[in-house]
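What follows is the content of structure.txt (compact mmCIF, C-alpha atoms (C1' of nucleotides)).
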# COMPACT_ATOMS: atom_id res chain seq x y z
CA MET A 43 -172.57 -28.36 -95.63
CA GLU A 44 -172.29 -24.84 -97.00
CA LYS A 45 -169.16 -22.86 -96.35
CA VAL A 46 -171.19 -20.32 -94.42
CA GLU A 47 -172.20 -23.05 -92.01
CA LEU A 48 -168.59 -24.07 -91.49
CA LEU A 49 -167.46 -20.72 -90.16
CA PRO A 50 -169.36 -20.73 -86.85
CA GLU A 51 -168.00 -24.20 -86.25
CA LEU A 52 -164.45 -23.03 -86.96
CA LEU A 53 -164.94 -19.96 -84.80
CA GLU A 54 -165.88 -22.20 -81.93
CA LEU A 55 -162.75 -24.30 -82.39
CA PHE A 56 -160.36 -21.38 -82.61
CA ARG A 57 -161.77 -19.61 -79.59
CA GLN A 58 -161.59 -22.78 -77.51
CA GLN A 59 -158.23 -24.08 -78.64
CA GLY A 60 -156.33 -21.15 -80.10
CA TYR A 61 -154.71 -21.21 -83.52
CA GLU A 62 -151.96 -23.69 -82.72
CA GLY A 63 -154.31 -25.89 -80.77
CA VAL A 64 -156.56 -26.54 -83.76
CA SER A 65 -155.55 -29.30 -86.17
CA ILE A 66 -157.14 -30.20 -89.48
CA ALA A 67 -158.14 -33.50 -87.91
CA HIS A 68 -160.02 -31.62 -85.18
CA VAL A 69 -161.76 -29.53 -87.79
CA SER A 70 -162.62 -32.63 -89.75
CA LYS A 71 -164.14 -34.26 -86.69
CA ALA A 72 -166.04 -31.15 -85.66
CA THR A 73 -167.51 -30.49 -89.08
CA GLY A 74 -167.95 -34.04 -90.25
CA LEU A 75 -166.07 -33.24 -93.46
CA GLY A 76 -163.02 -35.15 -94.65
CA LYS A 77 -159.67 -33.46 -94.89
CA SER A 78 -159.83 -33.14 -98.66
CA SER A 79 -163.22 -31.49 -98.48
CA LEU A 80 -161.78 -28.95 -96.10
CA TYR A 81 -158.92 -28.24 -98.48
CA HIS A 82 -161.47 -27.85 -101.23
CA HIS A 83 -163.14 -25.03 -99.28
CA PHE A 84 -159.92 -23.61 -97.87
CA PRO A 85 -157.12 -24.30 -100.39
CA GLU A 86 -154.59 -22.49 -98.23
CA GLY A 87 -155.38 -24.65 -95.24
CA LYS A 88 -155.56 -23.58 -91.64
CA GLU A 89 -154.27 -20.09 -92.20
CA GLN A 90 -157.09 -19.39 -94.59
CA MET A 91 -159.59 -20.85 -92.15
CA ALA A 92 -158.43 -18.42 -89.48
CA LYS A 93 -158.55 -15.50 -91.88
CA GLU A 94 -162.09 -16.29 -92.99
CA VAL A 95 -163.17 -16.75 -89.40
CA LEU A 96 -161.79 -13.32 -88.67
CA GLU A 97 -163.74 -11.81 -91.55
CA TYR A 98 -166.79 -13.55 -90.23
CA ILE A 99 -166.10 -12.14 -86.78
CA TYR A 100 -165.62 -8.68 -88.18
CA LYS A 101 -169.04 -8.85 -89.76
CA ALA A 102 -170.53 -10.28 -86.58
CA VAL A 103 -169.03 -7.50 -84.48
CA LYS A 104 -170.37 -4.88 -86.87
CA GLN A 105 -173.79 -6.46 -86.93
CA ASN A 106 -174.16 -7.41 -83.27
CA PHE A 107 -172.28 -4.63 -81.52
CA VAL A 108 -171.48 -1.70 -83.79
CA ALA A 109 -174.75 -1.34 -85.70
CA PRO A 110 -177.03 -1.31 -82.62
CA LEU A 111 -174.78 1.33 -81.03
CA LYS A 112 -174.97 3.50 -84.14
CA ALA A 113 -178.75 3.24 -84.32
CA GLU A 114 -181.12 5.79 -82.83
CA GLY A 115 -181.63 5.55 -79.09
CA GLU A 116 -180.64 6.65 -75.63
CA PRO A 117 -176.92 6.03 -74.97
CA ARG A 118 -177.50 4.20 -71.71
CA GLU A 119 -180.18 2.01 -73.21
CA LYS A 120 -178.01 1.10 -76.15
CA LEU A 121 -175.13 0.16 -73.88
CA THR A 122 -177.44 -1.89 -71.68
CA GLU A 123 -178.65 -3.72 -74.73
CA MET A 124 -175.04 -4.31 -75.77
CA SER A 125 -174.32 -5.85 -72.37
CA LYS A 126 -177.08 -8.37 -72.87
CA VAL A 127 -175.86 -9.28 -76.34
CA ILE A 128 -172.34 -9.72 -74.97
CA GLU A 129 -173.49 -12.12 -72.29
CA GLY A 130 -175.13 -14.23 -74.93
CA PHE A 131 -172.31 -13.96 -77.46
CA TYR A 132 -169.72 -15.20 -74.98
CA ASP A 133 -172.16 -17.53 -73.25
CA SER A 134 -171.56 -15.62 -70.02
CA GLY A 135 -167.81 -15.99 -70.36
CA ARG A 136 -167.73 -19.71 -70.98
CA LYS A 137 -166.77 -19.36 -74.61
CA GLY A 138 -163.55 -17.41 -74.37
CA CYS A 139 -162.43 -14.99 -77.00
CA LEU A 140 -160.75 -15.25 -80.35
CA ILE A 141 -158.37 -12.45 -79.52
CA ASP A 142 -156.51 -14.58 -77.03
CA GLY A 143 -156.07 -17.46 -79.42
CA LEU A 144 -155.30 -15.50 -82.53
CA THR A 145 -152.77 -13.04 -81.17
CA LEU A 146 -150.64 -15.58 -79.35
CA GLY A 147 -147.39 -16.78 -80.86
CA GLU A 148 -145.55 -16.15 -84.09
CA ALA A 149 -147.91 -18.34 -86.08
CA SER A 150 -150.60 -15.76 -85.39
CA ALA A 151 -148.71 -12.81 -86.83
CA PRO A 152 -150.72 -12.84 -90.09
CA PHE A 153 -153.95 -12.23 -88.16
CA GLN A 154 -152.91 -9.37 -85.94
CA GLN A 155 -154.15 -6.69 -88.28
CA GLN A 156 -157.56 -8.24 -88.74
CA VAL A 157 -157.96 -8.76 -85.00
CA ALA A 158 -157.03 -5.14 -84.38
CA GLN A 159 -159.54 -3.99 -86.99
CA SER A 160 -162.52 -5.66 -85.32
CA LEU A 161 -161.47 -4.51 -81.88
CA GLU A 162 -160.92 -0.98 -83.11
CA ALA A 163 -164.33 -0.80 -84.78
CA TRP A 164 -165.99 -1.89 -81.58
CA ILE A 165 -164.08 0.55 -79.39
CA GLN A 166 -164.86 3.37 -81.77
CA ALA A 167 -168.57 2.61 -81.73
CA ILE A 168 -168.65 2.68 -77.94
CA ALA A 169 -166.66 5.91 -77.88
CA ASP A 170 -169.16 7.49 -80.27
CA VAL A 171 -172.00 6.59 -77.96
CA ALA A 172 -170.12 8.10 -75.04
CA VAL A 173 -169.62 11.33 -77.00
CA GLU A 174 -173.32 11.25 -77.81
CA ALA A 175 -173.91 11.13 -74.07
CA GLY A 176 -171.89 14.27 -73.57
CA LEU A 177 -168.35 13.07 -72.82
CA THR A 178 -165.30 14.66 -74.39
CA LYS A 179 -163.71 12.77 -77.25
CA LYS A 180 -160.61 11.94 -75.23
CA LEU A 181 -162.51 10.70 -72.22
CA ALA A 182 -164.94 8.78 -74.41
CA ARG A 183 -162.07 6.95 -76.06
CA GLU A 184 -160.53 6.04 -72.74
CA ARG A 185 -163.81 4.75 -71.36
CA ALA A 186 -164.43 2.72 -74.50
CA GLU A 187 -160.99 1.17 -74.20
CA ALA A 188 -161.71 0.49 -70.55
CA ALA A 189 -164.89 -1.30 -71.58
CA LEU A 190 -163.08 -3.61 -73.98
CA ILE A 191 -160.37 -4.19 -71.41
CA ALA A 192 -163.02 -5.19 -68.90
CA ILE A 193 -164.67 -7.54 -71.40
CA GLN A 194 -161.45 -9.27 -72.42
CA GLY A 195 -160.03 -9.33 -68.92
CA GLY A 196 -163.33 -10.64 -67.65
CA LEU A 197 -163.14 -13.51 -70.09
CA VAL A 198 -159.58 -14.37 -69.06
CA VAL A 199 -160.18 -14.16 -65.32
CA SER A 200 -163.52 -15.96 -65.45
CA ARG A 201 -162.02 -18.81 -67.39
CA ALA A 202 -158.96 -19.01 -65.16
CA LEU A 203 -161.00 -19.09 -61.94
CA ARG A 204 -163.87 -20.97 -63.56
CA ASP A 205 -166.22 -18.46 -62.03
CA TYR A 206 -168.55 -17.18 -64.70
CA GLN A 207 -170.45 -14.91 -62.36
CA ILE A 208 -167.44 -12.66 -62.69
CA PHE A 209 -168.00 -12.20 -66.39
CA LYS A 210 -171.71 -11.61 -65.90
CA ARG A 211 -170.95 -8.86 -63.41
CA VAL A 212 -168.49 -7.29 -65.82
CA ALA A 213 -170.96 -7.38 -68.68
CA ARG A 214 -173.67 -5.77 -66.61
CA SER A 215 -171.40 -3.04 -65.32
CA LEU A 216 -170.46 -1.83 -68.79
CA PRO A 217 -173.01 1.00 -69.15
CA ARG A 218 -171.91 2.44 -65.81
CA LEU A 219 -168.25 1.99 -66.71
CA VAL A 220 -168.61 3.91 -69.96
CA LEU A 221 -170.99 6.67 -68.88
CA ASP A 222 -170.14 7.18 -65.22
CA GLY A 223 -166.54 6.01 -65.16
CA GLN A 224 -167.13 3.35 -62.52
CA MET B 812 -127.07 -24.44 -67.45
CA GLU B 813 -128.78 -24.99 -64.11
CA LYS B 814 -132.41 -25.91 -64.06
CA VAL B 815 -133.20 -22.72 -62.20
CA GLU B 816 -131.85 -20.78 -65.15
CA LEU B 817 -134.01 -22.72 -67.57
CA LEU B 818 -137.30 -21.68 -66.02
CA PRO B 819 -137.23 -17.98 -66.91
CA GLU B 820 -136.39 -19.00 -70.46
CA LEU B 821 -139.32 -21.40 -70.55
CA LEU B 822 -141.61 -18.82 -69.00
CA GLU B 823 -140.74 -16.45 -71.80
CA LEU B 824 -141.53 -19.07 -74.42
CA PHE B 825 -144.88 -20.08 -72.94
CA ARG B 826 -146.08 -16.54 -72.46
CA GLN B 827 -145.16 -15.62 -76.03
CA GLN B 828 -146.33 -18.76 -77.80
CA GLY B 829 -148.83 -20.43 -75.51
CA TYR B 830 -148.63 -24.09 -74.54
CA GLU B 831 -149.42 -25.57 -77.92
CA GLY B 832 -147.23 -23.05 -79.70
CA VAL B 833 -144.10 -24.21 -77.89
CA SER B 834 -142.29 -27.25 -79.31
CA ILE B 835 -139.38 -29.12 -77.79
CA ALA B 836 -137.33 -27.97 -80.75
CA HIS B 837 -138.13 -24.35 -79.88
CA VAL B 838 -137.11 -24.97 -76.31
CA SER B 839 -133.92 -26.63 -77.46
CA LYS B 840 -133.05 -23.66 -79.63
CA ALA B 841 -133.92 -21.10 -76.97
CA THR B 842 -131.94 -22.82 -74.22
CA GLY B 843 -129.10 -24.20 -76.30
CA LEU B 844 -129.70 -27.66 -74.82
CA GLY B 845 -130.32 -30.76 -76.92
CA LYS B 846 -133.62 -32.59 -76.69
CA SER B 847 -132.23 -35.37 -74.55
CA SER B 848 -130.80 -32.89 -72.07
CA LEU B 849 -134.22 -31.33 -71.77
CA TYR B 850 -135.77 -34.72 -71.11
CA HIS B 851 -133.10 -35.30 -68.50
CA HIS B 852 -134.30 -32.21 -66.61
CA PHE B 853 -137.97 -32.75 -67.39
CA PRO B 854 -138.59 -36.50 -67.74
CA GLU B 855 -142.29 -35.93 -68.35
CA GLY B 856 -141.62 -33.57 -71.21
CA LYS B 857 -143.48 -30.44 -72.10
CA GLU B 858 -146.24 -30.93 -69.58
CA GLN B 859 -143.71 -30.98 -66.78
CA MET B 860 -142.03 -27.89 -68.17
CA ALA B 861 -145.31 -26.00 -68.02
CA LYS B 862 -146.01 -27.24 -64.50
CA GLU B 863 -142.62 -26.17 -63.22
CA VAL B 864 -142.98 -22.82 -64.92
CA LEU B 865 -146.28 -22.41 -63.10
CA GLU B 866 -144.65 -23.20 -59.77
CA TYR B 867 -141.99 -20.70 -60.60
CA ILE B 868 -144.66 -18.14 -61.44
CA TYR B 869 -146.51 -18.86 -58.22
CA LYS B 870 -143.37 -18.09 -56.26
CA ALA B 871 -142.73 -14.99 -58.35
CA VAL B 872 -146.26 -13.73 -57.76
CA LYS B 873 -145.95 -14.29 -54.02
CA GLN B 874 -142.57 -12.61 -53.89
CA ASN B 875 -143.21 -9.71 -56.27
CA PHE B 876 -146.86 -8.94 -55.67
CA VAL B 877 -148.27 -10.64 -52.58
CA ALA B 878 -145.45 -10.12 -50.10
CA PRO B 879 -145.10 -6.36 -50.69
CA LEU B 880 -148.86 -5.97 -50.25
CA LYS B 881 -148.79 -7.89 -46.98
CA ALA B 882 -145.91 -5.81 -45.60
CA GLU B 883 -146.38 -2.77 -43.39
CA GLY B 884 -147.33 0.42 -45.18
CA GLU B 885 -150.03 2.73 -46.41
CA PRO B 886 -152.54 0.92 -48.67
CA ARG B 887 -152.33 3.47 -51.44
CA GLU B 888 -148.56 3.48 -51.38
CA LYS B 889 -148.38 -0.27 -51.51
CA LEU B 890 -150.73 -0.39 -54.50
CA THR B 891 -148.76 2.32 -56.24
CA GLU B 892 -145.62 0.32 -55.72
CA MET B 893 -147.39 -2.76 -57.11
CA SER B 894 -148.32 -0.82 -60.24
CA LYS B 895 -144.70 -0.03 -60.87
CA VAL B 896 -143.63 -3.63 -60.39
CA ILE B 897 -146.38 -4.74 -62.79
CA GLU B 898 -145.20 -2.41 -65.51
CA GLY B 899 -141.74 -3.89 -65.25
CA PHE B 900 -142.89 -7.48 -64.90
CA TYR B 901 -144.94 -7.32 -68.10
CA ASP B 902 -142.50 -4.96 -69.81
CA SER B 903 -145.34 -2.43 -70.11
CA GLY B 904 -147.61 -5.00 -71.71
CA ARG B 905 -145.20 -6.23 -74.35
CA LYS B 906 -144.67 -9.57 -72.70
CA GLY B 907 -148.17 -10.93 -72.53
CA CYS B 908 -149.37 -13.21 -69.81
CA LEU B 909 -149.10 -16.87 -69.05
CA ILE B 910 -152.78 -17.11 -68.19
CA ASP B 911 -153.79 -16.68 -71.80
CA GLY B 912 -151.43 -19.33 -73.05
CA LEU B 913 -151.95 -21.86 -70.32
CA THR B 914 -155.72 -21.83 -70.03
CA LEU B 915 -156.42 -22.14 -73.74
CA GLY B 916 -157.41 -25.49 -75.20
CA GLU B 917 -157.86 -28.97 -73.86
CA ALA B 918 -154.12 -29.56 -73.68
CA SER B 919 -154.01 -26.94 -70.96
CA ALA B 920 -156.52 -28.62 -68.67
CA PRO B 921 -153.83 -29.99 -66.33
CA PHE B 922 -152.66 -26.44 -65.54
CA GLN B 923 -155.94 -24.78 -64.77
CA GLN B 924 -155.74 -25.38 -61.06
CA GLN B 925 -152.23 -24.00 -60.74
CA VAL B 926 -153.11 -20.95 -62.80
CA ALA B 927 -156.14 -20.34 -60.64
CA GLN B 928 -154.05 -20.66 -57.49
CA SER B 929 -151.61 -17.90 -58.46
CA LEU B 930 -154.38 -15.64 -59.62
CA GLU B 931 -156.39 -16.27 -56.48
CA ALA B 932 -153.43 -15.50 -54.20
CA TRP B 933 -152.88 -12.22 -55.95
CA ILE B 934 -156.54 -11.19 -55.85
CA GLN B 935 -156.75 -12.07 -52.18
CA ALA B 936 -153.69 -9.97 -51.34
CA ILE B 937 -155.18 -6.95 -53.09
CA ALA B 938 -158.52 -7.49 -51.38
CA ASP B 939 -156.76 -7.58 -48.00
CA VAL B 940 -155.15 -4.24 -48.71
CA ALA B 941 -158.51 -2.81 -49.67
CA VAL B 942 -160.02 -4.04 -46.39
CA GLU B 943 -157.06 -2.49 -44.63
CA ALA B 944 -158.03 0.78 -46.30
CA GLY B 945 -161.53 0.53 -44.88
CA LEU B 946 -163.58 -1.21 -47.57
CA THR B 947 -166.06 -3.95 -46.75
CA LYS B 948 -164.93 -7.49 -47.48
CA LYS B 949 -167.39 -7.92 -50.31
CA LEU B 950 -166.51 -4.67 -52.00
CA ALA B 951 -162.79 -5.28 -51.49
CA ARG B 952 -163.08 -8.61 -53.24
CA GLU B 953 -164.94 -7.11 -56.17
CA ARG B 954 -162.41 -4.32 -56.56
CA ALA B 955 -159.51 -6.76 -56.37
CA GLU B 956 -161.12 -8.87 -59.08
CA ALA B 957 -161.65 -5.72 -61.10
CA ALA B 958 -157.94 -4.96 -60.75
CA LEU B 959 -156.89 -8.35 -62.10
CA ILE B 960 -159.47 -8.05 -64.87
CA ALA B 961 -157.99 -4.69 -65.82
CA ILE B 962 -154.46 -6.10 -65.81
CA GLN B 963 -155.29 -9.13 -67.93
CA GLY B 964 -157.62 -7.24 -70.23
CA GLY B 965 -155.02 -4.54 -70.57
CA LEU B 966 -152.50 -7.10 -71.72
CA VAL B 967 -154.88 -8.58 -74.29
CA VAL B 968 -156.06 -5.26 -75.69
CA SER B 969 -152.58 -3.69 -75.73
CA ARG B 970 -151.19 -6.63 -77.60
CA ALA B 971 -154.09 -6.76 -80.05
CA LEU B 972 -153.88 -3.04 -80.86
CA ARG B 973 -150.10 -2.95 -80.42
CA ASP B 974 -150.53 0.12 -78.28
CA TYR B 975 -148.61 -0.35 -75.08
CA GLN B 976 -149.56 3.03 -73.69
CA ILE B 977 -152.89 1.39 -72.94
CA PHE B 978 -151.31 -1.07 -70.56
CA LYS B 979 -149.25 1.63 -68.89
CA ARG B 980 -152.39 3.64 -68.26
CA VAL B 981 -154.13 0.58 -66.82
CA ALA B 982 -151.22 -0.21 -64.53
CA ARG B 983 -151.09 3.34 -63.20
CA SER B 984 -154.81 3.48 -62.61
CA LEU B 985 -154.83 0.44 -60.34
CA PRO B 986 -154.58 2.20 -56.96
CA ARG B 987 -157.54 4.41 -57.88
CA LEU B 988 -159.46 1.45 -59.24
CA VAL B 989 -159.09 -0.50 -56.01
CA LEU B 990 -159.48 2.26 -53.45
CA ASP B 991 -161.82 4.71 -55.16
CA GLY B 992 -163.67 2.41 -57.54
CA GLN B 993 -162.71 4.31 -60.68
C1' DG C 748 -167.97 -31.67 -103.31
C1' DT C 749 -166.71 -35.48 -101.07
C1' DC C 750 -164.19 -39.63 -100.30
C1' DT C 751 -159.84 -43.01 -99.65
C1' DA C 752 -155.21 -43.36 -99.93
C1' DT C 753 -150.86 -41.55 -99.54
C1' DA C 754 -146.75 -38.47 -99.14
C1' DC C 755 -144.19 -35.71 -96.29
C1' DT C 756 -142.89 -32.91 -92.27
C1' DA C 757 -142.72 -31.68 -87.59
C1' DG C 758 -143.31 -32.81 -82.97
C1' DG C 759 -142.79 -35.79 -78.86
C1' DA C 760 -140.10 -39.09 -76.83
C1' DT C 761 -136.33 -42.68 -76.00
C1' DA C 762 -131.74 -45.49 -76.39
C1' DG C 763 -127.26 -45.62 -75.77
C1' DA C 764 -122.54 -43.55 -76.31
C1' DC C 765 -119.45 -40.21 -74.17
C1' DG D 1497 -125.41 -33.95 -68.06
C1' DT D 1498 -125.05 -33.72 -72.80
C1' DC D 1499 -124.80 -35.50 -77.34
C1' DT D 1500 -126.25 -38.22 -81.92
C1' DA D 1501 -129.30 -41.26 -83.78
C1' DT D 1502 -133.64 -43.14 -84.04
C1' DC D 1503 -138.68 -44.22 -83.43
C1' DC D 1504 -143.35 -43.21 -83.60
C1' DT D 1505 -147.31 -40.41 -83.88
C1' DA D 1506 -149.76 -36.50 -85.29
C1' DG D 1507 -150.07 -32.87 -88.38
C1' DT D 1508 -150.23 -30.64 -93.10
C1' DA D 1509 -151.13 -31.26 -97.60
C1' DT D 1510 -152.06 -33.54 -102.18
C1' DA D 1511 -153.60 -37.05 -105.88
C1' DG D 1512 -157.06 -39.17 -107.99
C1' DA D 1513 -161.50 -41.88 -107.94
C1' DC D 1514 -166.53 -41.26 -107.53
Show this structure as structure tokens.
Amino acid sequence: MEKVELLPELLELFRQQGYEGVSIAHVSKATGLGKSSLYHHFPEGKEQMAKEVLEYIYKAVKQNFVAPLKAEGEPREKLTEMSKVIEGFYDSGRKGCLIDGLTLGEASAPFQQQVAQSLEAWIQAIADVAVEAGLTKKLARERAEAALIAIQGGLVVSRALRDYQIFKRVARSLPRLVLDGQ
Amino acid sequence: MEKVELLPELLELFRQQGYEGVSIAHVSKATGLGKSSLYHHFPEGKEQMAKEVLEYIYKAVKQNFVAPLKAEGEPREKLTEMSKVIEGFYDSGRKGCLIDGLTLGEASAPFQQQVAQSLEAWIQAIADVAVEAGLTKKLARERAEAALIAIQGGLVVSRALRDYQIFKRVARSLPRLVLDGQ
DNA sequence: GTCTATACTAGGATAGAC
DNA sequence: GTCTATCCTAGTATAGAC
């Protein structure tokens, strides 16, 4: 198993269980690799795993969300496309989000900056699209933040109520939220 | 130390560290009680602690959020009042939310129902106020869900970006969000 | 690169004295 | 109701063979 193939597996674990909830034994079971093999790939242990997952996420966010928004196209169409990708990426809210798990507790302090970086890049890309659509910079920023708030809050509330229609509705409302403020 | 005084302390721990992030040793340090004293109060250990914290939260939600919304008064005024209470309750977003910590991971499965119950009571109370203000039942429900999504998402995003102005803005926008849909 | 075996620490939980 | 002492398991991490 290549290291590149390990990361999606690790991502899945961290988003489901949170940093503290993941043990090396869990990782071993999920990947099929023995503990020593894991330490071969990640000499600094679990902390390194989380850091590499966050780098992986950063790239995924850039590739899946930021790049399409920066490409040529109508603002509303690009945001609609983003909504669809989001639904898939989070499996309509069933998958939860890394942010929850990796910003909770003191053990997660080392990851805060990396989490913020991915989130910031995403917000900025949405804000740029909103500016492209004619909004002021200030308003665009606020709407972009509102979009991410809706996404993250949608994940939390959907999971808590076990009602994934809620997340679907949130995802689909994003273009309106950003461009029309509702 | 009375048991009643322990619960706010435990609440603080769980919302900061999440369920898995809290150890009995942490609790012992935070409360000043030895392990055995803790097991005297909570014979079933950490799981019981979390359950009692959730009961405590349920009462707090009813008292702080639901009851004021059910009282006599103008819908917009009641929601404005709720916004202020929310800002204080979450210390403007610095305190994080139990939902994150207690719905993450398999260890948290036993709490899901209780978490959902508190959240549901709160959403329902907001929806009732919206109906009172003239909205249809369906729309009121959606707006109430949107309010809780904004609150929870606001907590996640504020914490991730370490920008607590974001949460303040969310809290203050709630009456508009519910009554005017923006 | 992966395994088995092992060391060590931290976490959960209990017994029994006061 | 609280303490000290102790037990056991799970968790992190490493050594060394293949």
Using only C-alpha atoms (C1' of nucleotides), find all polymer residues with an atom at most 12 Å away from the point (-157.3, 0.5, -54.4); report them as a PyMOL selection string.
chain B and resi 880+885-894+934+936-946+950-959+982-993
Show me, as a list in words, the residues of chain D whose atoms get within 8 Å of chain B, using all atoms listed in the file for the distance check.
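So the residues of chain D near chain B are DG1497, DT1498 and DC1499 of chain D.
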Pull the closest atom pair for each residue of chain A that gets at most 8 Å from chain B, along with the distance in Å to one decimal, counting only C-alpha atoms, ordering rows by chain and then ascending residue number, as JSON lines.
{"residue": "A:Gln58", "atom": "CA", "partner": "B:Gly916", "partner_atom": "CA", "distance": 5.5}
{"residue": "A:Gln59", "atom": "CA", "partner": "B:Gly916", "partner_atom": "CA", "distance": 3.8}
{"residue": "A:Gly60", "atom": "CA", "partner": "B:Leu915", "partner_atom": "CA", "distance": 6.4}
{"residue": "A:Glu62", "atom": "CA", "partner": "B:Gly832", "partner_atom": "CA", "distance": 5.6}
{"residue": "A:Gly63", "atom": "CA", "partner": "B:Glu831", "partner_atom": "CA", "distance": 5.7}
{"residue": "A:Ile141", "atom": "CA", "partner": "B:Ala971", "partner_atom": "CA", "distance": 7.1}
{"residue": "A:Asp142", "atom": "CA", "partner": "B:Asp911", "partner_atom": "CA", "distance": 6.3}
{"residue": "A:Gly143", "atom": "CA", "partner": "B:Leu915", "partner_atom": "CA", "distance": 7.4}
{"residue": "A:Thr145", "atom": "CA", "partner": "B:Ala971", "partner_atom": "CA", "distance": 6.5}
{"residue": "A:Leu146", "atom": "CA", "partner": "B:Gln828", "partner_atom": "CA", "distance": 5.6}
{"residue": "A:Gly147", "atom": "CA", "partner": "B:Gln828", "partner_atom": "CA", "distance": 3.8}
{"residue": "A:Glu148", "atom": "CA", "partner": "B:Gln828", "partner_atom": "CA", "distance": 6.9}
{"residue": "A:Ala149", "atom": "CA", "partner": "B:Gly832", "partner_atom": "CA", "distance": 8.0}
{"residue": "A:Gln154", "atom": "CA", "partner": "B:Ala971", "partner_atom": "CA", "distance": 6.5}
{"residue": "A:Val157", "atom": "CA", "partner": "B:Ala971", "partner_atom": "CA", "distance": 6.6}
{"residue": "A:Ala158", "atom": "CA", "partner": "B:Leu972", "partner_atom": "CA", "distance": 5.2}
{"residue": "A:Leu161", "atom": "CA", "partner": "B:Leu972", "partner_atom": "CA", "distance": 7.8}
{"residue": "A:Glu162", "atom": "CA", "partner": "B:Leu972", "partner_atom": "CA", "distance": 7.7}
{"residue": "A:Ala188", "atom": "CA", "partner": "B:Ala961", "partner_atom": "CA", "distance": 7.9}
{"residue": "A:Leu190", "atom": "CA", "partner": "B:Val968", "partner_atom": "CA", "distance": 7.4}
{"residue": "A:Ile191", "atom": "CA", "partner": "B:Gly964", "partner_atom": "CA", "distance": 4.3}
{"residue": "A:Ala192", "atom": "CA", "partner": "B:Ala961", "partner_atom": "CA", "distance": 5.9}
{"residue": "A:Ile193", "atom": "CA", "partner": "B:Gly964", "partner_atom": "CA", "distance": 7.2}
{"residue": "A:Gln194", "atom": "CA", "partner": "B:Gly964", "partner_atom": "CA", "distance": 4.9}
{"residue": "A:Gly195", "atom": "CA", "partner": "B:Gly964", "partner_atom": "CA", "distance": 3.4}
{"residue": "A:Gly196", "atom": "CA", "partner": "B:Ile960", "partner_atom": "CA", "distance": 5.4}
{"residue": "A:Val198", "atom": "CA", "partner": "B:Asp911", "partner_atom": "CA", "distance": 6.8}
{"residue": "A:Val199", "atom": "CA", "partner": "B:Ile960", "partner_atom": "CA", "distance": 6.2}
{"residue": "A:Arg201", "atom": "CA", "partner": "B:Thr914", "partner_atom": "CA", "distance": 7.5}
{"residue": "A:Ala202", "atom": "CA", "partner": "B:Ala927", "partner_atom": "CA", "distance": 5.5}
{"residue": "A:Leu203", "atom": "CA", "partner": "B:Ala927", "partner_atom": "CA", "distance": 5.2}
{"residue": "A:Gly223", "atom": "CA", "partner": "B:Gln993", "partner_atom": "CA", "distance": 6.1}
{"residue": "A:Gln224", "atom": "CA", "partner": "B:Gln993", "partner_atom": "CA", "distance": 4.9}
Residues within 10 Å of Ala163 (chain A), all atoms listed in the file, excluding chain neighbours under 6 positions, as a list in words
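Listed by chain and then number, they are Tyr100, Val103, Lys104, Phe107, Val108 and Ala169 of chain A.
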Counting only C-alpha atoms (C1' of nucleotides), what is within 8 Å of Lys210 (chain A), bar same-chain residues fewer than 5 positions away, as a CSV table (one decimal) with C-alpha atoms, in the frame of the given file?
chain,number,residue,atom,x,y,z
A,129,GLU,CA,-173.5,-12.1,-72.3
A,134,SER,CA,-171.6,-15.6,-70.0
A,135,GLY,CA,-167.8,-16.0,-70.4
May I have the residues of chain C within 8 Å of chain A, counting all atoms listed in the file, written as a ChimeraX atom specification?
/C:748-750
Distance query DC1504 (chain D) at most 12 Å, only C-alpha atoms (C1' of nucleotides), self and fewer than 5 positions along chain excluded, as a PyMOL selection string
chain C and resi 758-761
If you measure from CA of Lys179 (chain A) to CA of Lys126 (chain A), what distance in Å do you get, rounded to one decimal?
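Between CA of Lys179 (chain A) and CA of Lys126 (chain A) the gap is 25.4 Å.
Taking CA of Trp933 (chain B) as the reference point, CA of Leu821 (chain B) is found at 21.9 Å.
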Just the number, please: distance in Å from CA of Asp205 (chain A) to CA of Lys949 (chain B), one decimal.
15.8 Å
Option closest in space to Ala920 (chain B), from B:Ala841, B:Ala861, B:Ile835, B:Val815 [counting only C-alpha atoms]:
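Smallest separation from Ala920 (chain B) among the options: B:Ala861.
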